[in-house]
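Worksheet for the structure shown next.
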Amino acid sequence: MEAPATDRKGAQRVRKEQQRAIETRERIIDAAIEEFARHGFEGVSTRSVSINAGTRHTLVTYHFEGKEGLWYAVMDRVVRSFTTQQQERLEGLRGVDEVVQLRLLLEEFVRYSARDPRLHKLMSHAASEASPQLERMMAEYLGSYFKMIARLIKAAQVKGAFVAGDPNHLHYLFIGAATRIFMQSPEVNRVMGESPFDPGFIDRHVAACLDLFFKAPEAGKAMKRPPRSKAQ
């Protein structure tokens, strides 16, 4: 039996309202990502986010209850999505040599940094001083990721394929080498005469970052020498 026209219209109205609510929430998160990336947690107000999102301030508090709720929504969108993507990538590389796993994950890290430099701007603000935001970020988003990369670095070092040193220290060095150039893109453009976001530049930057940390096999072991002839 077909539902009455009034019921159908009511259901359609509810769906439209739900869709509008979803779109508003996403627009607020988009604006908050930009705000937090520029100014950090302390430098942002929910009112400034509402202005940049083009929505009423009451809707920010309705959807997120306050600035802290908005911050964690941003962390879920940007940081958790990246770490989850990396963990899923590693899961798909089961059975692959650990050196190759590490190389692929670090390459993706560099490329992700080029696609969305806001990840590192957000993390730089959050990690600049002790705070509840930093504690939660480490507990929920980054702790397991750092352990994963450290384990792979140790395995690569055992195989002689990665430079020596404390794995976490080396990981921080890699993060700095990979990300700083994108975070200071106007200066890089001025100095080098090209944008670090150009595809060719990104490819070269990936290769340069990896070459800094991965050790090339010894020439004698990497190349198969031809057998000596009887005359030789």
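Starting from 1 in every chain, residues are counted up; chains themselves are A, B, ... following the order of the structure tokens, and ligands are numbered from 1 as listed.
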
Contacts of segment 79-89 of chain A within 7 Å, only C-alpha atoms, excl. fewer than 3 positions in-chain, as a PDB file with N, CA and C atoms, in the first residue's frame:
```pdb
ATOM      1  N   MET A  75      40.881  16.629  14.036  1.00  0.00           N
ATOM      2  CA  MET A  75      41.897  15.591  14.155  1.00  0.00           C
ATOM      3  C   MET A  75      41.434  14.281  13.505  1.00  0.00           C
ATOM      4  N   ASP A  76      40.164  13.964  13.683  1.00  0.00           N
ATOM      5  CA  ASP A  76      39.623  12.762  13.046  1.00  0.00           C
ATOM      6  C   ASP A  76      39.701  12.876  11.532  1.00  0.00           C
ATOM      7  N   GLY A  92      48.020  -4.279   3.639  1.00  0.00           N
ATOM      8  CA  GLY A  92      47.995  -4.782   2.263  1.00  0.00           C
ATOM      9  C   GLY A  92      49.357  -5.219   1.758  1.00  0.00           C
ATOM     10  N   LEU A  93      50.416  -4.908   2.511  1.00  0.00           N
ATOM     11  CA  LEU A  93      51.777  -5.280   2.107  1.00  0.00           C
ATOM     12  C   LEU A  93      52.295  -6.491   2.874  1.00  0.00           C
ATOM     13  N   LEU A 105      55.815   3.269   2.574  1.00  0.00           N
ATOM     14  CA  LEU A 105      55.092   4.087   3.551  1.00  0.00           C
ATOM     15  C   LEU A 105      55.692   5.481   3.650  1.00  0.00           C
ATOM     16  N   LEU A 119      48.196  18.948   7.535  1.00  0.00           N
ATOM     17  CA  LEU A 119      48.433  17.893   8.524  1.00  0.00           C
ATOM     18  C   LEU A 119      49.579  18.287   9.447  1.00  0.00           C
ATOM     19  N   TYR A 141      45.810   8.851  17.953  1.00  0.00           N
ATOM     20  CA  TYR A 141      46.147   8.977  16.542  1.00  0.00           C
ATOM     21  C   TYR A 141      47.580   8.585  16.206  1.00  0.00           C
ATOM     22  N   TYR A 145      51.145   4.775  15.280  1.00  0.00           N
ATOM     23  CA  TYR A 145      51.810   5.055  14.004  1.00  0.00           C
ATOM     24  C   TYR A 145      53.325   5.159  14.196  1.00  0.00           C
TER      25      TYR A 145
END
```

Item to complete: Write out as an MDAnalysis selection string all residues of segment 24-180 of chain A that DSSP puts in helix (DSSP H, G or I) for this structure's backbone.
Response: chainID A and resid 24:39 46:53 57:64 67:92 98:115 118:127 132:158 167:180

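In this structure, atom CA of Leu173 of chain A sits 24.2 Å away from atom CA of His39 of chain A.
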
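The spacing separating atom CA of Gly165 of chain A from atom CA of Ser128 of chain A amounts to 24.0 Å.
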
Expressed in Å, the length from atom CA of Val44 of chain A to atom CA of Ala32 of chain A is 8.4 Å

Neighbours of Leu170 of chain A within 9 Å (only C-alpha atoms; same-chain residues fewer than 4 positions away dropped), as a compact mmCIF listing (two decimals) with all heavy atoms, in the first residue's frame?
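Ended up saving to result.txt:
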```txt
# COMPACT_ATOMS: atom_id res chain seq x y z
N ALA A 150 58.81 2.93 13.67
CA ALA A 150 60.04 2.58 14.39
C ALA A 150 60.38 1.11 14.22
O ALA A 150 61.56 0.74 14.04
CB ALA A 150 59.89 2.92 15.88
N ILE A 153 61.83 0.67 10.75
CA ILE A 153 63.18 1.23 10.66
C ILE A 153 64.19 0.27 11.29
O ILE A 153 65.27 0.02 10.73
CB ILE A 153 63.24 2.61 11.33
CG1 ILE A 153 62.49 3.64 10.48
CG2 ILE A 153 64.70 3.06 11.53
CD1 ILE A 153 62.40 5.03 11.09
N VAL A 163 70.01 4.06 7.54
CA VAL A 163 71.10 4.65 8.31
C VAL A 163 70.96 4.31 9.79
O VAL A 163 69.86 4.07 10.28
CB VAL A 163 71.14 6.19 8.13
CG1 VAL A 163 71.44 6.55 6.70
CG2 VAL A 163 69.85 6.84 8.60
N ALA A 164 72.09 4.29 10.48
CA ALA A 164 72.10 3.93 11.89
C ALA A 164 71.58 5.08 12.74
O ALA A 164 71.67 6.25 12.37
CB ALA A 164 73.52 3.56 12.32
N GLY A 165 71.03 4.72 13.91
CA GLY A 165 70.55 5.73 14.83
C GLY A 165 69.28 5.29 15.51
O GLY A 165 68.70 4.25 15.17
N ASP A 166 68.86 6.07 16.50
CA ASP A 166 67.61 5.77 17.17
C ASP A 166 66.45 5.90 16.18
O ASP A 166 66.30 6.94 15.52
CB ASP A 166 67.40 6.75 18.33
CG ASP A 166 66.08 6.54 19.02
OD1 ASP A 166 66.00 5.66 19.90
OD2 ASP A 166 65.10 7.24 18.67
N PHE A 174 63.29 12.52 9.31
CA PHE A 174 62.63 12.31 8.02
C PHE A 174 61.41 13.22 7.88
O PHE A 174 61.18 13.81 6.83
CB PHE A 174 62.22 10.84 7.86
CG PHE A 174 61.65 10.54 6.50
CD1 PHE A 174 62.48 10.18 5.45
CD2 PHE A 174 60.28 10.65 6.25
CE1 PHE A 174 61.96 9.93 4.19
CE2 PHE A 174 59.76 10.41 5.00
CZ PHE A 174 60.61 10.05 3.96
N ILE A 175 60.62 13.33 8.95
CA ILE A 175 59.44 14.19 8.92
C ILE A 175 59.84 15.63 8.58
O ILE A 175 59.22 16.30 7.75
CB ILE A 175 58.69 14.14 10.27
CG1 ILE A 175 58.03 12.78 10.46
CG2 ILE A 175 57.64 15.25 10.34
CD1 ILE A 175 57.47 12.55 11.85
N PHE A 213 68.13 8.56 3.73
CA PHE A 213 68.00 7.61 4.84
C PHE A 213 68.21 6.15 4.45
O PHE A 213 68.66 5.36 5.27
CB PHE A 213 66.62 7.78 5.49
CG PHE A 213 66.45 9.11 6.17
CD1 PHE A 213 65.99 10.21 5.49
CD2 PHE A 213 66.79 9.26 7.51
CE1 PHE A 213 65.85 11.44 6.12
CE2 PHE A 213 66.65 10.47 8.16
CZ PHE A 213 66.19 11.58 7.45
```

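Comparing the minimum interatomic distances between Leu210 of chain A and each of A:Val158, A:His171, A:Gln19, A:Pro117, counting only C-alpha atoms, we find that A:His171 sits nearest.
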